[in-house]
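Everything on this sheet refers to the single structure shown next.
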Amino acid sequence: MNIQTVITNHDANFIPAHRVNQALTASAEKRVLQWMAYRAPRWLSSDQLTMLGLSAQIGAGFGYALSRYNRYALLLVILCLVLNWFGDSMDGTLARVRCQQRPRYGFYVDHMVDIFGSVALMCGLGLSGFVHWQTAIAMLIAFLLLSSESYLATYTLSRFQLSQGIFGPTEIRILLILGNLALLRSPYSTIFGHRMLLFDLGGTIASVCMFATAILLTVRHMTQLYREEPLA
């Protein structure tokens, strides 16, 4: 393969943050993505995969909105989540395999796409009728807060934490797919004798966990930075 890598002055001076992924599926996922990247057709580019990931996430939001009228639209959501995994996870791997990395462009675009895609997904979920809009908004705010902490930590600590504990983006997609399959059976769950929407329960737990994680990480990273840069 003849691949020309163009390095600008900005790229030469830019030091990418160390990527940390300790998620449950991280090791197996990395091997699968590399296997696919080496066999990907030459016409396929990382930019096309990024757009596929965004389009699929928007499509998942659209599928959730449609599921208000036909529950089987959740199958479209599941398909879109799989396509989102392929596009969002493969774009960086393909760039690394082909030595076509654009670290500043890639980091910025990939995560802005994640934000816009997540807003579309949560808006669709809020319109689905499977969750109260208050829960959908709480999940979105918690996600944006946790994302902001992650991006600020990447800049200040030069370490990009892709996962929190055993949970990463892939694990979240798997949980969403399992949740959608459960919705096809019934949109309700019973806890302590009380009947409530399944996604209200899951969304509340997810929101609390994300808020708590953001607070704990903020305290930890603020303490670390204070120790590294104490007052004179």
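Labeling convention for the structure tokens: chains A, B, ... as they appear, residues from 1 per chain, ligands from 1 in order of appearance.
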
Practice problem: Name the residues in contact with Trp85 of chain A at a cut-off of 12 Å, using only C-alpha atoms, excluding same-chain residues fewer than 3 positions from it; report them as an NGL selection string. | Solution: :A and (29 or 33 or 49-57 or 60 or 78-82 or 88-92 or 114 or 168-174 or 177)

Go ahead and write the selection's residues with N, CA, C and O atoms as a short mmCIF file (atom, residue, chain, number, x, y, z; two decimals), in the first residue's frame.
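Printed below is again-v4.cif as written:
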data_model
loop_
_atom_site.label_atom_id
_atom_site.label_comp_id
_atom_site.auth_asym_id
_atom_site.auth_seq_id
_atom_site.Cartn_x
_atom_site.Cartn_y
_atom_site.Cartn_z
N GLU A 29 -13.03 -5.82 20.99
CA GLU A 29 -13.48 -4.84 20.00
C GLU A 29 -12.30 -4.31 19.18
O GLU A 29 -12.40 -4.15 17.97
N LEU A 33 -12.07 -4.51 15.13
CA LEU A 33 -11.98 -3.29 14.34
C LEU A 33 -10.73 -3.28 13.46
O LEU A 33 -10.77 -2.87 12.30
N LEU A 49 -17.02 7.20 7.35
CA LEU A 49 -17.45 6.44 8.52
C LEU A 49 -17.97 7.36 9.62
O LEU A 49 -18.95 7.04 10.30
N THR A 50 -17.34 8.52 9.78
CA THR A 50 -17.82 9.49 10.76
C THR A 50 -19.23 9.96 10.42
O THR A 50 -20.10 10.05 11.29
N MET A 51 -19.46 10.23 9.13
CA MET A 51 -20.79 10.66 8.70
C MET A 51 -21.81 9.53 8.86
O MET A 51 -22.97 9.78 9.18
N LEU A 52 -21.37 8.29 8.63
CA LEU A 52 -22.26 7.15 8.86
C LEU A 52 -22.66 7.08 10.32
O LEU A 52 -23.84 6.85 10.64
N GLY A 53 -21.69 7.27 11.22
CA GLY A 53 -21.99 7.23 12.65
C GLY A 53 -23.00 8.30 13.05
O GLY A 53 -23.95 8.02 13.80
N LEU A 54 -22.83 9.52 12.53
CA LEU A 54 -23.76 10.61 12.84
C LEU A 54 -25.14 10.33 12.26
O LEU A 54 -26.15 10.48 12.95
N SER A 55 -25.18 9.93 10.99
CA SER A 55 -26.46 9.65 10.33
C SER A 55 -27.21 8.54 11.04
O SER A 55 -28.44 8.60 11.20
N ALA A 56 -26.48 7.52 11.48
CA ALA A 56 -27.12 6.39 12.16
C ALA A 56 -27.69 6.82 13.51
O ALA A 56 -28.77 6.38 13.91
N GLN A 57 -26.98 7.72 14.22
CA GLN A 57 -27.47 8.17 15.51
C GLN A 57 -28.73 9.04 15.33
O GLN A 57 -29.68 8.94 16.11
N ALA A 60 -31.47 6.71 14.64
CA ALA A 60 -31.98 6.06 15.85
C ALA A 60 -32.98 6.96 16.57
O ALA A 60 -34.01 6.50 17.06
N ILE A 78 -32.43 -0.34 16.65
CA ILE A 78 -31.37 -1.32 16.88
C ILE A 78 -30.40 -1.36 15.70
O ILE A 78 -29.17 -1.37 15.88
N LEU A 79 -30.95 -1.36 14.47
CA LEU A 79 -30.10 -1.35 13.28
C LEU A 79 -29.22 -0.11 13.26
O LEU A 79 -28.01 -0.18 12.97
N CYS A 80 -29.79 1.04 13.59
CA CYS A 80 -29.04 2.29 13.59
C CYS A 80 -27.95 2.30 14.66
O CYS A 80 -26.85 2.84 14.44
N LEU A 81 -28.22 1.69 15.80
CA LEU A 81 -27.21 1.61 16.85
C LEU A 81 -26.02 0.76 16.40
O LEU A 81 -24.85 1.07 16.71
N VAL A 82 -26.29 -0.31 15.67
CA VAL A 82 -25.21 -1.15 15.14
C VAL A 82 -24.39 -0.37 14.11
O VAL A 82 -23.15 -0.40 14.11
N ASP A 88 -18.75 5.02 14.12
CA ASP A 88 -18.10 5.79 15.17
C ASP A 88 -16.84 5.10 15.68
O ASP A 88 -15.88 5.78 16.08
N SER A 89 -16.83 3.79 15.68
CA SER A 89 -15.67 3.05 16.19
C SER A 89 -14.62 2.79 15.12
O SER A 89 -13.42 2.72 15.41
N MET A 90 -15.06 2.66 13.87
CA MET A 90 -14.13 2.30 12.80
C MET A 90 -13.38 3.47 12.22
O MET A 90 -12.29 3.30 11.66
N ASP A 91 -13.92 4.70 12.34
CA ASP A 91 -13.27 5.82 11.66
C ASP A 91 -11.85 6.05 12.16
O ASP A 91 -10.92 6.18 11.36
N GLY A 92 -11.66 6.06 13.47
CA GLY A 92 -10.33 6.25 14.02
C GLY A 92 -9.40 5.08 13.75
O GLY A 92 -8.22 5.26 13.44
N ASP A 114 -20.52 13.30 18.19
CA ASP A 114 -21.12 12.56 19.31
C ASP A 114 -22.16 13.42 20.03
O ASP A 114 -23.24 12.93 20.39
N GLY A 168 -18.05 1.56 28.48
CA GLY A 168 -17.61 2.47 27.44
C GLY A 168 -18.76 2.66 26.46
O GLY A 168 -19.87 2.17 26.67
N PRO A 169 -18.50 3.35 25.36
CA PRO A 169 -19.56 3.59 24.37
C PRO A 169 -20.20 2.31 23.84
O PRO A 169 -21.42 2.26 23.64
N THR A 170 -19.41 1.27 23.63
CA THR A 170 -19.97 0.01 23.10
C THR A 170 -20.90 -0.65 24.11
O THR A 170 -21.96 -1.16 23.75
N GLU A 171 -20.50 -0.63 25.38
CA GLU A 171 -21.36 -1.22 26.42
C GLU A 171 -22.69 -0.47 26.52
O GLU A 171 -23.75 -1.09 26.74
N ILE A 172 -22.65 0.84 26.36
CA ILE A 172 -23.89 1.63 26.41
C ILE A 172 -24.79 1.26 25.24
O ILE A 172 -26.01 1.12 25.40
N ARG A 173 -24.20 1.08 24.07
CA ARG A 173 -25.01 0.66 22.91
C ARG A 173 -25.64 -0.71 23.15
O ARG A 173 -26.80 -0.95 22.79
N ILE A 174 -24.86 -1.62 23.72
CA ILE A 174 -25.39 -2.97 24.00
C ILE A 174 -26.56 -2.89 24.97
O ILE A 174 -27.60 -3.55 24.77
N ILE A 177 -29.59 -1.62 23.13
CA ILE A 177 -30.18 -2.65 22.27
C ILE A 177 -30.99 -3.63 23.11
O ILE A 177 -32.13 -3.99 22.75
#

Practice problem: Write out as a count of residues only all residues of segment 33-224 of chain A that backbone DSSP assigns to helix (DSSP H, G or I). | Solution: 148

Quiz item: To one decimal place, how far is atom CA of Val32 of chain A from atom CA of Leu176 of chain A in Å?
Solution: 20.9 Å

Tell me, which residues of chain A carry DSSP strand (DSSP E), written as a PDB file with C-alpha atoms, in the first residue's frame?
ATOM      1  CA  HIS A  18      -3.013   9.051  25.822  1.00  0.00           C
ATOM      2  CA  ARG A  19      -6.139   6.985  25.153  1.00  0.00           C
ATOM      3  CA  VAL A  20      -7.404   4.814  28.022  1.00  0.00           C
ATOM      4  CA  ARG A 159      -5.237  11.526  29.011  1.00  0.00           C
ATOM      5  CA  PHE A 160      -8.422  10.693  27.139  1.00  0.00           C
ATOM      6  CA  GLN A 161     -10.580   8.355  29.215  1.00  0.00           C
ATOM      7  CA  TYR A 188     -43.219  -1.295  31.747  1.00  0.00           C
ATOM      8  CA  SER A 189     -41.232  -2.588  34.678  1.00  0.00           C
ATOM      9  CA  THR A 190     -42.248  -3.363  38.248  1.00  0.00           C
ATOM     10  CA  ILE A 191     -39.972  -2.384  41.128  1.00  0.00           C
ATOM     11  CA  HIS A 194     -44.687  -0.117  41.689  1.00  0.00           C
ATOM     12  CA  ARG A 195     -45.291  -0.224  37.936  1.00  0.00           C
ATOM     13  CA  MET A 196     -43.305   2.303  35.916  1.00  0.00           C
ATOM     14  CA  LEU A 197     -41.906   2.805  32.436  1.00  0.00           C
TER      15      LEU A 197
END

Quiz item: Looking at only C-alpha atoms, which of A:Ala232, A:Val219, A:Ala206, A:Leu44 is the one that sits closest to Phe167 of chain A?
Solution: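 For Phe167 of chain A, the nearest of the candidates is A:Ala206.
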
Name all residues at most 9 Å from Thr135 of chain A (count only C-alpha atoms; drop same-chain ones fewer than 3 positions away) and give them as a short mmCIF file (atom, residue, chain, number, x, y, z; two decimals) with all heavy atoms, in the first residue's frame.
data_model
loop_
_atom_site.label_atom_id
_atom_site.label_comp_id
_atom_site.auth_asym_id
_atom_site.auth_seq_id
_atom_site.Cartn_x
_atom_site.Cartn_y
_atom_site.Cartn_z
N GLY A 126 -37.31 11.11 23.80
CA GLY A 126 -38.30 11.88 24.54
C GLY A 126 -39.66 11.92 23.86
O GLY A 126 -40.69 12.09 24.52
N VAL A 131 -40.57 6.97 27.59
CA VAL A 131 -39.89 7.63 28.70
C VAL A 131 -40.48 9.03 28.84
O VAL A 131 -40.88 9.64 27.85
CB VAL A 131 -38.36 7.69 28.45
CG1 VAL A 131 -38.03 8.55 27.24
CG2 VAL A 131 -37.62 8.20 29.68
N HIS A 132 -40.60 9.51 30.06
CA HIS A 132 -41.06 10.87 30.26
C HIS A 132 -39.98 11.85 29.81
O HIS A 132 -38.77 11.58 29.96
CB HIS A 132 -41.42 11.11 31.73
CG HIS A 132 -42.69 10.43 32.14
ND1 HIS A 132 -42.71 9.18 32.74
CD2 HIS A 132 -43.99 10.81 32.03
CE1 HIS A 132 -43.97 8.83 32.99
NE2 HIS A 132 -44.76 9.79 32.57
N ALA A 138 -32.90 14.84 31.64
CA ALA A 138 -31.92 14.56 32.69
C ALA A 138 -30.75 13.73 32.14
O ALA A 138 -29.58 14.00 32.45
CB ALA A 138 -32.59 13.83 33.85
N MET A 139 -31.06 12.73 31.31
CA MET A 139 -30.01 11.92 30.70
C MET A 139 -29.12 12.76 29.79
O MET A 139 -27.90 12.60 29.79
CB MET A 139 -30.63 10.76 29.92
CG MET A 139 -31.15 9.63 30.78
SD MET A 139 -31.53 8.14 29.82
CE MET A 139 -32.96 8.68 28.90
N LEU A 140 -29.74 13.64 29.01
CA LEU A 140 -28.97 14.47 28.09
C LEU A 140 -28.05 15.43 28.84
O LEU A 140 -26.87 15.56 28.51
CB LEU A 140 -29.92 15.26 27.17
CG LEU A 140 -29.25 16.19 26.15
CD1 LEU A 140 -28.31 15.41 25.24
CD2 LEU A 140 -30.29 16.94 25.33
N PHE A 199 -37.90 2.48 30.62
CA PHE A 199 -36.83 3.44 30.30
C PHE A 199 -36.79 4.60 31.29
O PHE A 199 -35.77 5.28 31.38
CB PHE A 199 -36.99 3.93 28.86
CG PHE A 199 -36.20 3.12 27.87
CD1 PHE A 199 -36.02 1.76 28.06
CD2 PHE A 199 -35.63 3.70 26.76
CE1 PHE A 199 -35.29 0.99 27.16
CE2 PHE A 199 -34.89 2.96 25.85
CZ PHE A 199 -34.72 1.60 26.05
N ASP A 200 -37.89 4.84 32.02
CA ASP A 200 -37.82 5.81 33.11
C ASP A 200 -36.90 5.28 34.21
O ASP A 200 -36.08 6.02 34.77
CB ASP A 200 -39.21 6.08 33.69
CG ASP A 200 -39.89 7.27 33.04
OD1 ASP A 200 -39.22 8.01 32.29
OD2 ASP A 200 -41.10 7.46 33.26
N LEU A 201 -37.04 4.00 34.51
CA LEU A 201 -36.19 3.37 35.52
C LEU A 201 -34.73 3.37 35.07
O LEU A 201 -33.84 3.82 35.80
CB LEU A 201 -36.66 1.94 35.78
CG LEU A 201 -35.80 1.10 36.72
CD1 LEU A 201 -35.74 1.72 38.11
CD2 LEU A 201 -36.32 -0.34 36.79
N GLY A 203 -33.34 5.15 32.68
CA GLY A 203 -32.85 6.50 32.46
C GLY A 203 -32.50 7.21 33.75
O GLY A 203 -31.52 7.95 33.84
N THR A 204 -33.30 6.98 34.80
CA THR A 204 -33.02 7.58 36.10
C THR A 204 -31.72 7.04 36.68
O THR A 204 -30.88 7.79 37.18
CB THR A 204 -34.18 7.31 37.08
OG1 THR A 204 -35.39 7.87 36.55
CG2 THR A 204 -33.90 7.90 38.44
N SER A 207 -28.83 8.48 34.66
CA SER A 207 -28.60 9.90 34.96
C SER A 207 -27.88 10.06 36.28
O SER A 207 -26.91 10.83 36.39
CB SER A 207 -29.94 10.65 35.00
OG SER A 207 -30.59 10.60 33.75
#

Find the spatial neighbours of Asn180 of chain A, counting only C-alpha atoms, within a cut-off of 9 Å - ignore same-chain residues fewer than 5 positions away - and output them as a PDB file with N, CA, C and O atoms, in the first residue's frame.
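Now in result_10.pdb:
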ATOM      1  N   LEU A  74     -38.689   0.171  16.769  1.00  0.00           N
ATOM      2  CA  LEU A  74     -37.532  -0.057  17.630  1.00  0.00           C
ATOM      3  C   LEU A  74     -36.492  -0.945  16.944  1.00  0.00           C
ATOM      4  O   LEU A  74     -35.303  -0.887  17.276  1.00  0.00           O
ATOM      5  N   LEU A  75     -36.936  -1.764  15.997  1.00  0.00           N
ATOM      6  CA  LEU A  75     -35.980  -2.575  15.230  1.00  0.00           C
ATOM      7  C   LEU A  75     -35.095  -1.680  14.369  1.00  0.00           C
ATOM      8  O   LEU A  75     -33.912  -1.985  14.160  1.00  0.00           O
ATOM      9  N   VAL A  77     -34.241   1.323  15.290  1.00  0.00           N
ATOM     10  CA  VAL A  77     -33.320   1.892  16.267  1.00  0.00           C
ATOM     11  C   VAL A  77     -32.139   0.952  16.495  1.00  0.00           C
ATOM     12  O   VAL A  77     -30.981   1.377  16.526  1.00  0.00           O
ATOM     13  N   ILE A  78     -32.434  -0.338  16.651  1.00  0.00           N
ATOM     14  CA  ILE A  78     -31.370  -1.320  16.879  1.00  0.00           C
ATOM     15  C   ILE A  78     -30.405  -1.364  15.699  1.00  0.00           C
ATOM     16  O   ILE A  78     -29.171  -1.373  15.877  1.00  0.00           O
ATOM     17  N   LEU A 175     -26.437  -2.075  26.022  1.00  0.00           N
ATOM     18  CA  LEU A 175     -27.525  -1.915  26.977  1.00  0.00           C
ATOM     19  C   LEU A 175     -28.760  -1.319  26.307  1.00  0.00           C
ATOM     20  O   LEU A 175     -29.897  -1.731  26.595  1.00  0.00           O
ATOM     21  N   ARG A 185     -41.322  -6.305  24.110  1.00  0.00           N
ATOM     22  CA  ARG A 185     -42.145  -7.206  24.926  1.00  0.00           C
ATOM     23  C   ARG A 185     -43.121  -6.418  25.790  1.00  0.00           C
ATOM     24  O   ARG A 185     -44.320  -6.695  25.819  1.00  0.00           O
TER      25      ARG A 185
END

Quiz item: With only C-alpha atoms as the basis for distance, which of A:Ser158, A:Thr213, A:Ser186, A:Ser128 is at the shortest distance from Tyr69 of chain A?
Solution: A:Ser128

Quiz item: How many Å lie between atom CA of Leu24 of chain A and atom CA of Leu178 of chain A, rounded to one decimal?
Solution: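 Between these atoms lies a distance of 16.2 Å.
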
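With distances restricted to only C-alpha atoms, A:Leu217 is the closest residue to Leu146 of chain A from A:Leu183, A:Leu125, A:Leu217, A:Ala73.
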